[in-house]
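Asker: Provided herewith: model-v3.csv, CSV, C-alpha atoms and all ligand atoms.
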```csv
chain,number,residue,atom,x,y,z
A,1,MET,CA,272.7,7.1,5.7
A,2,SER,CA,272.8,10.9,5.6
A,3,THR,CA,272.3,12.8,2.3
A,4,PHE,CA,276.1,13.4,2.4
A,5,ASP,CA,276.8,9.7,2.7
A,6,ASP,CA,274.4,9.1,-0.2
A,7,TYR,CA,276.4,11.7,-2.2
A,8,LEU,CA,279.7,10.0,-1.4
A,9,ALA,CA,278.3,6.6,-2.5
A,10,THR,CA,277.7,8.0,-5.9
A,11,PHE,CA,281.4,8.2,-6.7
A,12,ASP,CA,281.5,5.0,-8.7
A,13,SER,CA,284.5,5.4,-11.0
A,14,GLU,CA,287.4,3.0,-10.8
A,15,PRO,CA,289.9,3.5,-8.0
A,16,GLY,CA,292.9,5.7,-8.9
A,17,TYR,CA,291.1,8.7,-10.3
A,18,LEU,CA,292.8,11.9,-9.0
A,19,ASN,CA,292.2,14.2,-11.9
A,20,TRP,CA,289.0,16.1,-10.9
A,21,ALA,CA,290.6,19.4,-11.8
A,22,ALA,CA,290.7,18.3,-15.4
A,23,PHE,CA,287.5,16.3,-15.8
A,24,GLY,CA,284.9,14.8,-13.5
A,25,PRO,CA,283.6,11.4,-14.5
A,26,LEU,CA,279.8,11.9,-14.9
A,27,SER,CA,277.7,11.1,-11.8
A,28,PRO,CA,275.1,8.4,-11.9
A,29,SER,CA,272.2,10.9,-11.6
A,30,VAL,CA,273.6,13.0,-14.4
A,31,ARG,CA,274.0,9.9,-16.6
A,32,GLU,CA,270.4,8.6,-15.8
A,33,GLU,CA,268.7,11.9,-16.2
A,34,VAL,CA,270.4,12.8,-19.5
A,35,PHE,CA,269.1,9.5,-20.9
A,36,ALA,CA,265.6,10.4,-19.7
A,37,ASP,CA,265.8,13.9,-21.2
A,38,ALA,CA,267.1,12.5,-24.4
A,39,ASP,CA,264.1,10.1,-24.6
A,40,LEU,CA,261.8,13.0,-24.1
A,41,LEU,CA,263.5,15.0,-26.9
A,42,GLY,CA,263.2,11.8,-29.1
A,43,SER,CA,259.4,11.9,-28.8
A,44,GLY,CA,259.1,15.2,-30.6
A,45,ARG,CA,256.0,16.0,-28.6
A,46,PRO,CA,255.8,19.7,-27.8
A,47,SER,CA,254.9,18.9,-24.1
A,48,SER,CA,258.0,16.7,-23.8
A,49,LEU,CA,260.2,19.3,-25.5
A,50,ALA,CA,258.8,22.0,-23.1
A,51,LEU,CA,259.6,19.7,-20.1
A,52,VAL,CA,263.2,19.5,-21.1
A,53,GLY,CA,263.2,23.2,-21.8
A,54,GLU,CA,262.4,23.8,-18.1
A,55,ARG,CA,265.9,22.6,-17.4
A,56,ILE,CA,267.2,26.0,-18.4
A,57,GLY,CA,265.3,27.8,-15.6
A,58,GLN,CA,266.1,25.0,-13.1
A,59,ALA,CA,269.8,25.4,-13.8
A,60,GLN,CA,269.6,29.2,-13.4
A,61,GLU,CA,267.7,28.8,-10.1
A,62,LEU,CA,270.2,26.3,-8.7
A,63,VAL,CA,273.3,28.1,-9.8
A,64,ALA,CA,271.8,31.3,-8.3
A,65,GLU,CA,271.1,29.5,-5.0
A,66,LEU,CA,274.7,28.5,-4.7
A,67,LEU,CA,276.0,31.9,-5.7
A,68,GLY,CA,273.6,33.8,-3.5
A,69,SER,CA,272.2,35.7,-6.5
A,70,GLU,CA,269.0,35.9,-8.5
A,71,ALA,CA,268.1,33.3,-11.2
A,72,ALA,CA,267.7,36.2,-13.7
A,73,ASP,CA,271.3,37.2,-13.1
A,74,VAL,CA,272.6,33.8,-14.2
A,75,THR,CA,273.1,33.0,-17.9
A,76,ILE,CA,273.6,29.5,-19.2
A,77,GLN,CA,276.7,29.3,-21.4
A,78,PRO,CA,278.3,26.7,-23.7
A,79,SER,CA,281.6,27.0,-21.7
A,80,SER,CA,283.1,29.1,-19.0
A,81,THR,CA,285.3,30.7,-21.7
A,82,HIS,CA,282.1,31.9,-23.5
A,83,GLY,CA,281.0,33.5,-20.2
A,84,LEU,CA,284.3,35.2,-19.7
A,85,MET,CA,284.2,36.4,-23.3
A,86,GLN,CA,280.8,38.0,-22.6
A,87,ALA,CA,282.3,39.9,-19.7
A,88,LEU,CA,285.7,40.9,-21.3
A,89,TYR,CA,284.6,41.9,-24.8
A,90,GLY,CA,282.2,44.4,-23.3
A,91,LEU,CA,284.7,46.2,-21.1
A,92,SER,CA,286.8,49.3,-21.5
A,93,GLY,CA,289.8,50.8,-19.6
A,94,ALA,CA,292.6,48.7,-18.2
A,95,VAL,CA,291.9,45.2,-16.9
A,96,ILE,CA,294.4,43.5,-14.6
A,97,ALA,CA,295.1,39.8,-15.0
A,98,GLY,CA,297.9,37.4,-14.2
A,99,THR,CA,300.0,36.2,-17.1
A,100,GLY,CA,300.0,32.7,-15.6
A,101,GLU,CA,296.2,32.4,-15.7
A,102,PHE,CA,294.4,29.7,-17.6
A,103,PRO,CA,294.1,30.9,-21.2
A,104,SER,CA,290.3,31.3,-20.8
A,105,VAL,CA,291.3,34.4,-18.8
A,106,SER,CA,294.5,35.5,-20.4
A,107,LEU,CA,293.9,34.8,-24.1
A,108,THR,CA,290.3,36.0,-23.9
A,109,LEU,CA,291.5,39.3,-22.4
A,110,ASP,CA,294.2,39.7,-25.0
A,111,ARG,CA,291.7,39.0,-27.9
A,112,ALA,CA,289.1,41.3,-26.4
A,113,ALA,CA,291.7,44.1,-26.1
A,114,ALA,CA,292.8,43.5,-29.7
A,115,ALA,CA,289.2,43.8,-30.9
A,116,SER,CA,288.5,47.0,-28.9
A,117,HIS,CA,290.4,49.5,-31.1
A,118,GLY,CA,292.3,50.7,-28.0
A,119,ALA,CA,289.3,51.1,-25.7
A,120,LEU,CA,290.4,48.1,-23.6
A,121,THR,CA,294.0,47.3,-22.5
A,122,ALA,CA,295.3,44.3,-20.6
A,123,ARG,CA,297.4,45.2,-17.6
A,124,TRP,CA,299.4,42.0,-16.9
A,125,ILE,CA,300.9,41.1,-13.6
A,126,THR,CA,303.4,38.3,-13.1
A,127,PRO,CA,303.8,37.7,-9.3
A,128,ASP,CA,306.9,35.7,-8.4
A,129,ASP,CA,304.9,32.8,-7.1
A,130,GLY,CA,302.1,33.2,-9.6
A,131,ARG,CA,299.7,34.1,-6.7
A,132,VAL,CA,297.2,36.9,-7.4
A,133,THR,CA,297.3,38.4,-3.9
A,134,PRO,CA,295.9,41.8,-2.9
A,135,ASP,CA,299.5,43.1,-2.7
A,136,ALA,CA,300.2,42.0,-6.3
A,137,VAL,CA,297.1,43.6,-7.6
A,138,ALA,CA,297.6,46.8,-5.5
A,139,GLU,CA,300.9,47.4,-7.3
A,140,ALA,CA,299.2,47.5,-10.7
A,141,LEU,CA,296.2,49.6,-9.5
A,142,ASP,CA,295.6,53.1,-10.7
A,143,ASP,CA,292.7,55.3,-12.0
A,144,GLU,CA,292.7,53.6,-15.4
A,145,VAL,CA,291.9,50.2,-14.0
A,146,THR,CA,288.3,49.2,-14.4
A,147,ALA,CA,288.4,45.5,-13.5
A,148,LEU,CA,290.4,42.6,-12.3
A,149,VAL,CA,289.8,39.2,-13.9
A,150,VAL,CA,291.1,36.3,-11.8
A,151,SER,CA,290.7,32.6,-11.2
A,152,HIS,CA,289.3,31.9,-7.8
A,153,VAL,CA,291.5,28.8,-7.6
A,154,ASP,CA,294.5,28.7,-9.9
A,155,PHE,CA,294.5,25.6,-12.1
A,156,ARG,CA,298.3,25.1,-11.8
A,157,THR,CA,299.3,26.2,-8.3
A,158,GLY,CA,296.0,25.4,-6.6
A,159,TYR,CA,296.2,28.8,-4.9
A,160,ARG,CA,292.8,30.2,-3.8
A,161,VAL,CA,292.6,34.0,-4.0
A,162,ASP,CA,290.9,36.0,-1.2
A,163,LEU,CA,287.8,37.3,-2.9
A,164,ALA,CA,286.7,39.5,0.0
A,165,ALA,CA,290.1,41.2,0.2
A,166,LEU,CA,290.3,41.7,-3.6
A,167,ARG,CA,286.8,43.2,-3.5
A,168,GLU,CA,287.8,45.6,-0.8
A,169,LEU,CA,291.0,46.6,-2.6
A,170,LEU,CA,289.1,47.2,-5.9
A,171,GLY,CA,286.4,49.3,-4.2
A,172,PRO,CA,282.9,49.8,-5.5
A,173,ASP,CA,283.9,51.4,-8.9
A,174,ARG,CA,285.8,48.5,-10.4
A,175,LEU,CA,284.6,45.1,-11.4
A,176,LEU,CA,285.8,41.8,-10.0
A,177,ILE,CA,285.4,39.1,-12.6
A,178,VAL,CA,286.0,35.6,-11.3
A,179,ASP,CA,286.7,32.3,-13.1
A,180,ALA,CA,285.2,29.8,-10.6
A,181,VAL,CA,285.9,26.6,-12.6
A,182,GLN,CA,288.1,25.2,-9.9
A,183,SER,CA,286.0,26.1,-7.0
A,184,PHE,CA,282.2,26.4,-7.7
A,185,GLY,CA,280.3,23.7,-5.8
A,186,ILE,CA,283.3,22.6,-3.7
A,187,LEU,CA,283.9,25.8,-1.7
A,188,GLU,CA,281.5,27.7,0.5
A,189,GLU,CA,282.2,31.2,-0.6
A,190,ASP,CA,280.6,34.6,-0.5
A,191,TRP,CA,280.3,34.9,-4.2
A,192,THR,CA,278.5,38.3,-3.9
A,193,ALA,CA,282.0,39.8,-3.6
A,194,ALA,CA,282.3,39.2,-7.3
A,195,ASP,CA,280.5,41.0,-10.2
A,196,VAL,CA,280.8,38.2,-12.7
A,197,VAL,CA,281.2,34.5,-11.8
A,198,ALA,CA,281.9,32.1,-14.7
A,199,GLY,CA,282.0,28.3,-14.1
A,200,HIS,CA,281.2,25.0,-15.7
A,201,GLY,CA,279.9,21.6,-14.8
A,202,TYR,CA,282.4,19.2,-16.3
A,203,LYS,CA,284.9,18.9,-13.5
A,204,TRP,CA,283.8,19.1,-9.8
A,205,LEU,CA,280.1,18.9,-10.7
A,206,ARG,CA,280.4,15.7,-12.7
A,207,ALA,CA,278.0,17.0,-15.3
A,208,GLY,CA,279.9,16.8,-18.6
A,209,ARG,CA,280.9,19.5,-21.1
A,210,GLY,CA,278.7,22.2,-22.4
A,211,SER,CA,277.2,22.8,-19.0
A,212,ALA,CA,278.5,26.2,-18.1
A,213,PHE,CA,277.2,29.5,-16.7
A,214,ALA,CA,278.1,33.1,-16.0
A,215,SER,CA,276.4,35.5,-13.6
A,216,PHE,CA,276.3,39.2,-13.9
A,217,SER,CA,275.6,41.5,-11.0
A,218,ALA,CA,273.8,44.9,-11.3
A,219,ARG,CA,277.1,46.6,-11.2
A,220,ALA,CA,278.4,44.4,-14.0
A,221,ARG,CA,275.4,45.0,-16.1
A,222,GLU,CA,275.9,48.8,-15.8
A,223,ARG,CA,279.5,48.6,-17.0
A,224,ILE,CA,279.7,45.7,-19.4
A,225,ALA,CA,278.4,46.5,-22.9
A,226,PRO,CA,276.6,43.4,-24.3
A,227,VAL,CA,278.7,43.4,-27.4
A,228,LEU,CA,278.3,39.6,-28.0
A,229,SER,CA,274.6,39.8,-27.5
A,230,GLY,CA,272.6,37.5,-29.6
A,231,ILE,CA,269.0,36.5,-30.4
A,232,THR,CA,268.2,35.4,-26.8
A,233,GLY,CA,269.5,38.7,-25.4
A,234,THR,CA,267.0,41.2,-26.6
A,235,THR,CA,264.0,43.1,-25.3
A,236,ALA,CA,261.7,41.0,-27.5
A,237,SER,CA,259.9,38.1,-25.8
A,238,GLY,CA,259.4,35.8,-28.8
A,239,LEU,CA,260.7,35.6,-32.4
A,240,PHE,CA,261.1,39.0,-34.0
A,241,MET,CA,260.9,39.8,-37.7
A,242,ASP,CA,261.6,42.9,-39.6
A,243,GLU,CA,262.9,44.6,-36.5
A,244,LEU,CA,266.2,44.6,-34.5
A,245,PRO,CA,265.3,44.9,-30.9
A,246,ALA,CA,267.8,46.4,-28.4
A,247,PRO,CA,269.7,44.2,-25.9
A,248,THR,CA,267.7,43.5,-22.8
A,249,ALA,CA,268.7,45.2,-19.5
A,250,SER,CA,268.9,41.8,-17.8
A,251,ALA,CA,271.9,39.5,-17.7
A,252,GLN,CA,270.3,37.6,-20.6
A,253,ALA,CA,271.8,40.3,-22.8
A,254,TYR,CA,275.1,38.3,-22.4
A,255,THR,CA,273.7,35.3,-24.2
A,256,VAL,CA,273.9,34.4,-27.9
A,257,SER,CA,271.3,31.7,-28.6
A,258,MET,CA,269.1,29.1,-26.9
A,259,PRO,CA,271.2,26.9,-24.6
A,260,ASP,CA,271.5,23.1,-25.2
A,261,THR,CA,268.7,21.9,-22.9
A,262,LEU,CA,270.4,18.5,-22.3
A,263,ALA,CA,273.5,20.4,-21.1
A,264,ALA,CA,271.3,22.7,-19.0
A,265,GLY,CA,269.7,19.6,-17.5
A,266,ARG,CA,273.1,18.1,-16.7
A,267,LEU,CA,274.2,21.4,-15.0
A,268,ALA,CA,271.0,21.5,-13.0
A,269,ILE,CA,271.4,17.9,-11.7
A,270,GLY,CA,275.1,18.4,-10.9
A,271,VAL,CA,274.4,21.6,-8.9
A,272,ARG,CA,271.3,20.0,-7.2
A,273,ASP,CA,273.3,17.0,-6.0
A,274,MET,CA,276.0,19.3,-4.5
A,275,ARG,CA,273.4,21.5,-2.9
A,276,ASP,CA,271.6,18.5,-1.4
A,277,ALA,CA,274.8,17.0,-0.1
A,278,GLY,CA,275.8,20.4,1.3
A,279,VAL,CA,278.7,22.5,-0.1
A,280,ALA,CA,280.2,22.9,3.4
A,281,ALA,CA,280.3,19.1,3.9
A,282,ILE,CA,281.8,18.6,0.5
A,283,GLU,CA,284.4,21.3,1.2
A,284,SER,CA,285.4,19.8,4.5
A,285,ARG,CA,285.7,16.2,3.2
A,286,LEU,CA,287.7,17.4,0.2
A,287,ALA,CA,290.0,19.3,2.6
A,288,GLU,CA,290.6,16.0,4.5
A,289,ASN,CA,291.4,14.2,1.3
A,290,VAL,CA,293.8,17.0,0.3
A,291,ASP,CA,295.4,16.8,3.7
A,292,ALA,CA,295.8,13.0,3.1
A,293,VAL,CA,297.5,13.7,-0.3
A,294,LEU,CA,299.8,16.3,1.3
A,295,GLU,CA,300.7,13.9,4.1
A,296,ILE,CA,301.6,11.1,1.6
A,297,ALA,CA,303.7,13.5,-0.5
A,298,ASP,CA,305.6,14.7,2.6
A,299,ARG,CA,306.2,11.2,3.9
A,300,ARG,CA,307.5,10.1,0.5
A,301,GLY,CA,309.7,13.2,0.3
A,302,ILE,CA,308.0,14.8,-2.8
A,303,ALA,CA,308.1,18.6,-2.8
A,304,VAL,CA,304.7,20.3,-2.8
A,305,ILE,CA,304.3,23.8,-4.4
A,306,SER,CA,300.6,24.3,-3.8
A,307,PRO,CA,299.3,26.0,-0.6
A,308,ARG,CA,298.9,24.0,2.6
A,309,GLU,CA,296.6,26.4,4.4
A,310,ARG,CA,293.0,25.3,4.0
A,311,SER,CA,291.9,28.9,3.4
A,312,GLU,CA,294.4,29.2,0.5
A,313,ARG,CA,293.5,26.0,-1.4
A,314,ALA,CA,290.6,23.9,-2.8
A,315,GLY,CA,291.1,20.5,-4.4
A,316,ILE,CA,294.5,20.8,-6.2
A,317,VAL,CA,297.8,19.5,-4.9
A,318,ALA,CA,300.8,20.5,-7.2
A,319,LEU,CA,303.8,18.2,-6.7
A,320,ALA,CA,307.2,19.3,-7.9
A,321,PRO,CA,309.2,16.0,-8.0
A,322,GLU,CA,312.9,15.9,-9.0
A,323,GLU,CA,312.0,13.7,-11.9
A,324,PRO,CA,308.5,14.7,-13.0
A,325,ALA,CA,308.3,12.5,-16.2
A,326,ARG,CA,309.4,9.4,-14.3
A,327,LEU,CA,306.9,10.1,-11.5
A,328,ALA,CA,304.1,10.7,-14.0
A,329,ALA,CA,305.0,7.3,-15.7
A,330,ALA,CA,305.1,5.5,-12.3
A,331,LEU,CA,301.7,6.9,-11.3
A,332,ALA,CA,300.2,6.0,-14.7
A,333,ASN,CA,301.6,2.5,-14.4
A,334,ALA,CA,300.0,2.1,-11.0
A,335,GLY,CA,296.6,3.0,-12.5
A,336,LEU,CA,296.5,6.5,-11.1
A,337,VAL,CA,295.0,9.3,-13.3
A,338,VAL,CA,296.6,12.7,-12.6
A,339,THR,CA,297.8,15.7,-14.8
A,340,ALA,CA,301.5,15.9,-15.5
A,341,ARG,CA,302.5,19.1,-17.1
A,342,GLY,CA,306.1,20.4,-17.3
A,343,SER,CA,307.9,20.2,-14.0
A,344,SER,CA,304.8,19.5,-11.9
A,345,VAL,CA,302.3,16.7,-11.3
A,346,ARG,CA,298.8,17.8,-10.4
A,347,VAL,CA,296.9,15.6,-8.0
A,348,ALA,CA,293.2,16.5,-7.6
A,349,PRO,CA,291.0,14.3,-5.3
A,350,HIS,CA,287.3,15.0,-4.8
A,351,ALA,CA,285.2,14.6,-1.7
A,352,GLY,CA,284.2,11.2,-2.8
A,353,THR,CA,287.8,9.9,-3.4
A,354,ASP,CA,288.1,6.7,-1.4
A,355,SER,CA,290.8,5.4,0.9
A,356,GLY,CA,291.7,2.8,-1.7
A,357,THR,CA,292.7,5.5,-4.2
A,358,LEU,CA,294.8,7.3,-1.6
A,359,GLN,CA,296.4,3.9,-0.7
A,360,LEU,CA,297.2,3.4,-4.4
A,361,LEU,CA,298.9,6.8,-4.4
A,362,ASP,CA,300.9,6.0,-1.3
A,363,ASP,CA,302.0,2.6,-2.7
A,364,ALA,CA,303.0,4.1,-6.0
A,365,LEU,CA,305.1,6.8,-4.3
A,366,THR,CA,306.7,4.2,-2.0
A,367,ALA,CA,307.7,2.1,-5.0
A,368,PHE,CA,308.9,5.3,-6.8
A,369,GLY,CA,311.1,6.3,-3.9
A,370,TYR,CA,312.5,2.8,-3.6
A,371,GLU,CA,313.4,2.7,-7.3
A,372,THR,CA,315.2,6.1,-7.0
A,373,PHE,CA,317.2,4.6,-4.1
A,374,THR,CA,318.2,1.4,-5.8
A,375,ILE,CA,319.1,3.2,-9.1
A,376,ALA,CA,321.2,5.8,-7.2
B,1,LIG,C1,290.6,27.8,-14.4
B,1,LIG,C2,290.0,27.3,-15.7
B,1,LIG,N1,289.2,28.2,-16.4
B,1,LIG,C3,288.7,27.8,-17.5
B,1,LIG,C4,288.8,26.5,-18.0
B,1,LIG,C5,288.2,26.1,-19.3
B,1,LIG,O1,286.8,26.1,-19.2
B,1,LIG,P1,285.8,25.8,-20.4
B,1,LIG,O2,286.2,24.5,-21.1
B,1,LIG,O3,284.4,25.7,-19.8
B,1,LIG,O4,285.9,27.0,-21.3
B,1,LIG,C6,289.5,25.6,-17.3
B,1,LIG,C7,289.7,24.2,-17.8
B,1,LIG,O5,290.5,23.4,-17.3
B,1,LIG,C8,290.2,26.0,-16.1
B,1,LIG,O6,290.9,25.1,-15.3
```
In structure tokens, write the structure found in this file.

Answerer:
Amino acid sequence: MSTFDDYLATFDSEPGYLNWAAFGPLSPSVREEVFADADLLGSGRPSSLALVGERIGQAQELVAELLGSEAADVTIQPSSTHGLMQALYGLSGAVIAGTGEFPSVSLTLDRAAAASHGALTARWITPDDGRVTPDAVAEALDDEVTALVVSHVDFRTGYRVDLAALRELLGPDRLLIVDAVQSFGILEEDWTAADVVAGHGYKWLRAGRGSAFASFSARARERIAPVLSGITGTTASGLFMDELPAPTASAQAYTVSMPDTLAAGRLAIGVRDMRDAGVAAIESRLAENVDAVLEIADRRGIAVISPRERSERAGIVALAPEEPARLAAALANAGLVVTARGSSVRVAPHAGTDSGTLQLLDDALTAFGYETFTIA
């Protein structure tokens, strides 16, 4: 078996799971290694604690490898929202964001602006289809704009922005701040287009909550004041007393306190497994599974509002059925786990989603169509 086949074989949750954009059931290696790390912490021996402490550096190295950056530029964060806070609270000028963004982007920008005493303003855009395209951003761009904050893949519409085109539009003097929660590890991307990349491990990486990160490029470090800088973000190397050292020049200035080493370990294992399997292979298998979901929806006459082009999507298919609540109930009754929100039903397979799960979806949608026909 190839490494990629080994990776696929690790998807051991019950058939019917199509909710990877919300939560990723923990992988076997994450489950095993977190127990081993917890045992080490249970010993209390300094050497054991130090061993688990190495997880922080491992996670930084592995995330940096996938991002094409340096380990020192990667910070370990309790959540991706914490990472976005570190970036947005330190900015001034006008920052463009879509009103339809996940609240980790929109609410954080609003709160940062409110705390800035006028130094930072949010410049909201509401594109008709919710897509943050270069054209939509260009309309809001002027000399006051210092940054764009955007989800690489939108949690609702599944739309994947064109990072390279946005970078080009913004030019070298503005920051591109990216929420990579719905794409990190499953898309091969030139992340160096972005100045800040925030992500987490509890969906596509199958690593559980608390396992997040944010990277800060040299340009980001020049322009983002480390206002939320804590005891791990200073020029001091150990514990300091009777002095208040300045924030360090490195990305670690955007950290508050020591990371949870168990969470850092889970992040490291989650990223390592994806690196070993190959992000390109994961992306292409996931694309096939998304194609299969699209084909089933089309065949069963359910409207799709997420993009169909591979270059404009990742792992999210947004269905817009005529009777969303009834469809959501039918899928739940059939043992399928999806996210139903308002008028849409979000279906999110992973690379390891098996044919049995896709068949369950097909069968449930067939039964759903038949019921509609007989009731009508
Ligand atoms: C696009 C996006 N950003 C941020 C988050 C929240 O991330 P965290 O819980 O790490 O703050 C989510 C969660 O679903 C999300 O979909």

Asker: Please extract the residues at most 9 Å from ligand LIG 1 (chain B), counting only C-alpha atoms and all ligand atoms, and provide them as a VMD selection string, using the chain letters and residue numbers of this document.

Answerer: chain A and resid 21 to 23 77 to 84 101 to 105 150 to 156 179 to 183 198 to 203 209 to 213

Asker: Just to be explicit: take each residue in the selection above, keep C-alpha atoms, and write the result as a PDB file, in the frame of the given file.

Answerer:
```
ATOM      1  CA  ALA A  21     290.600  19.400 -11.800  1.00  0.00           C
ATOM      2  CA  ALA A  22     290.700  18.300 -15.400  1.00  0.00           C
ATOM      3  CA  PHE A  23     287.500  16.300 -15.800  1.00  0.00           C
ATOM      4  CA  GLN A  77     276.700  29.300 -21.400  1.00  0.00           C
ATOM      5  CA  PRO A  78     278.300  26.700 -23.700  1.00  0.00           C
ATOM      6  CA  SER A  79     281.600  27.000 -21.700  1.00  0.00           C
ATOM      7  CA  SER A  80     283.100  29.100 -19.000  1.00  0.00           C
ATOM      8  CA  THR A  81     285.300  30.700 -21.700  1.00  0.00           C
ATOM      9  CA  HIS A  82     282.100  31.900 -23.500  1.00  0.00           C
ATOM     10  CA  GLY A  83     281.000  33.500 -20.200  1.00  0.00           C
ATOM     11  CA  LEU A  84     284.300  35.200 -19.700  1.00  0.00           C
ATOM     12  CA  GLU A 101     296.200  32.400 -15.700  1.00  0.00           C
ATOM     13  CA  PHE A 102     294.400  29.700 -17.600  1.00  0.00           C
ATOM     14  CA  PRO A 103     294.100  30.900 -21.200  1.00  0.00           C
ATOM     15  CA  SER A 104     290.300  31.300 -20.800  1.00  0.00           C
ATOM     16  CA  VAL A 105     291.300  34.400 -18.800  1.00  0.00           C
ATOM     17  CA  VAL A 150     291.100  36.300 -11.800  1.00  0.00           C
ATOM     18  CA  SER A 151     290.700  32.600 -11.200  1.00  0.00           C
ATOM     19  CA  HIS A 152     289.300  31.900  -7.800  1.00  0.00           C
ATOM     20  CA  VAL A 153     291.500  28.800  -7.600  1.00  0.00           C
ATOM     21  CA  ASP A 154     294.500  28.700  -9.900  1.00  0.00           C
ATOM     22  CA  PHE A 155     294.500  25.600 -12.100  1.00  0.00           C
ATOM     23  CA  ARG A 156     298.300  25.100 -11.800  1.00  0.00           C
ATOM     24  CA  ASP A 179     286.700  32.300 -13.100  1.00  0.00           C
ATOM     25  CA  ALA A 180     285.200  29.800 -10.600  1.00  0.00           C
ATOM     26  CA  VAL A 181     285.900  26.600 -12.600  1.00  0.00           C
ATOM     27  CA  GLN A 182     288.100  25.200  -9.900  1.00  0.00           C
ATOM     28  CA  SER A 183     286.000  26.100  -7.000  1.00  0.00           C
ATOM     29  CA  ALA A 198     281.900  32.100 -14.700  1.00  0.00           C
ATOM     30  CA  GLY A 199     282.000  28.300 -14.100  1.00  0.00           C
ATOM     31  CA  HIS A 200     281.200  25.000 -15.700  1.00  0.00           C
ATOM     32  CA  GLY A 201     279.900  21.600 -14.800  1.00  0.00           C
ATOM     33  CA  TYR A 202     282.400  19.200 -16.300  1.00  0.00           C
ATOM     34  CA  LYS A 203     284.900  18.900 -13.500  1.00  0.00           C
ATOM     35  CA  ARG A 209     280.900  19.500 -21.100  1.00  0.00           C
ATOM     36  CA  GLY A 210     278.700  22.200 -22.400  1.00  0.00           C
ATOM     37  CA  SER A 211     277.200  22.800 -19.000  1.00  0.00           C
ATOM     38  CA  ALA A 212     278.500  26.200 -18.100  1.00  0.00           C
ATOM     39  CA  PHE A 213     277.200  29.500 -16.700  1.00  0.00           C
TER      40      PHE A 213
END
```

Asker: Go through A:Ala251, A:Leu244, A:Val161, A:Ala297 one by one, measure the shortest atom-to-atom distance of each to A:Leu358 using only C-alpha atoms, and give the residue with the smallest value.

Answerer: A:Ala297

Asker: Name all residues at most 9 Å from stretch 5-9 of chain A (count only C-alpha atoms; drop same-chain ones fewer than 2 positions away) and give them as a count of residues only.

Answerer: 12

Asker: How many Å lie between atom CA of A:Phe4 and atom CA of A:Gly24, rounded to one decimal?

Answerer: 18.2 Å

Asker: With all atoms listed in the file as the counted atoms, please give the residues lying no more than 9 Å from A:Ala328, apart from itself and same-chain residues fewer than 6 positions off, as a ChimeraX atom specification.

Answerer: /A:338-340,345

Asker: Around the point (273.4, 16.1, -16.1) in the file's coordinates, collect all residues with an atom within 12 Å, using all atoms listed in the file, and return them as an MDAnalysis selection string.

Answerer: chainID A and resid 24:38 52 55:56 58:59 200:202 205:212 260:273

Asker: In Å, how far is it from atom CA of A:Val145 to atom CA of A:Asp190?

Answerer: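 A separation of 23.5 Å between them.
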
Asker: Mind pulling up the distance from atom CA of A:Gln359 to atom CA of A:Pro321?

Answerer: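 Between atom CA of A:Pro321 and atom CA of A:Gln359 the gap works out to 19.1 Å.
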
Asker: Between A:Ala113, A:Gly278, A:Leu67, A:Asp142, single out the one closest to A:Val196, counting all atoms listed in the file.

Answerer: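 Under the stated criterion, the closest residue is A:Leu67.
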
Asker: So which residues touch A:Ile224 within 10 Å, counting all atoms listed in the file, skipping near sequence neighbours fewer than 6 positions away, as number ranges by chain?

Answerer: A: 86-92, 175, 216, 254

Asker: Choose the residue, out of A:Ser355, A:Asn19, A:Thr366, A:Gln252, that has the smallest atom-to-atom separation from A:Ala334; count all atoms listed in the file.

Answerer: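 Going through A:Ser355, A:Asn19, A:Thr366, A:Gln252 one by one, the smallest distance to A:Ala334 is for A:Thr366.
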
Asker: Looking at all atoms listed in the file, which of A:Ala280, A:Arg346, A:Leu365, A:Thr234 is the one that sits closest to A:Asp298?

Answerer: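 So, comparing all the options, the nearest one is A:Leu365.
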
Asker: Pop stretch 95-118 of chain A out of the structure in the block and write C-alpha atoms as a PDB file, in the first residue's frame.

Answerer:
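Done, and the output landed in decode-v2.pdb:
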```pdb
ATOM      1  CA  VAL A  95      -9.317  46.950   6.689  1.00  0.00           C
ATOM      2  CA  ILE A  96     -11.566  45.383   4.059  1.00  0.00           C
ATOM      3  CA  ALA A  97     -13.683  42.343   4.973  1.00  0.00           C
ATOM      4  CA  GLY A  98     -16.868  40.711   3.711  1.00  0.00           C
ATOM      5  CA  THR A  99     -19.946  41.024   5.915  1.00  0.00           C
ATOM      6  CA  GLY A 100     -20.728  37.358   5.241  1.00  0.00           C
ATOM      7  CA  GLU A 101     -17.439  36.096   6.671  1.00  0.00           C
ATOM      8  CA  PHE A 102     -17.303  33.642   9.577  1.00  0.00           C
ATOM      9  CA  PRO A 103     -17.527  35.768  12.775  1.00  0.00           C
ATOM     10  CA  SER A 104     -13.893  34.969  13.621  1.00  0.00           C
ATOM     11  CA  VAL A 105     -13.132  37.422  10.821  1.00  0.00           C
ATOM     12  CA  SER A 106     -16.042  39.888  10.936  1.00  0.00           C
ATOM     13  CA  LEU A 107     -16.696  40.103  14.685  1.00  0.00           C
ATOM     14  CA  THR A 108     -12.983  40.208  15.476  1.00  0.00           C
ATOM     15  CA  LEU A 109     -12.473  43.077  13.027  1.00  0.00           C
ATOM     16  CA  ASP A 110     -15.435  44.940  14.513  1.00  0.00           C
ATOM     17  CA  ARG A 111     -14.154  44.484  18.081  1.00  0.00           C
ATOM     18  CA  ALA A 112     -10.602  45.451  17.125  1.00  0.00           C
ATOM     19  CA  ALA A 113     -11.892  48.628  15.452  1.00  0.00           C
ATOM     20  CA  ALA A 114     -13.984  49.463  18.525  1.00  0.00           C
ATOM     21  CA  ALA A 115     -10.935  49.081  20.782  1.00  0.00           C
ATOM     22  CA  SER A 116      -8.667  51.175  18.538  1.00  0.00           C
ATOM     23  CA  HIS A 117     -10.029  54.650  19.389  1.00  0.00           C
ATOM     24  CA  GLY A 118     -10.491  55.414  15.711  1.00  0.00           C
TER      25      GLY A 118
END
```
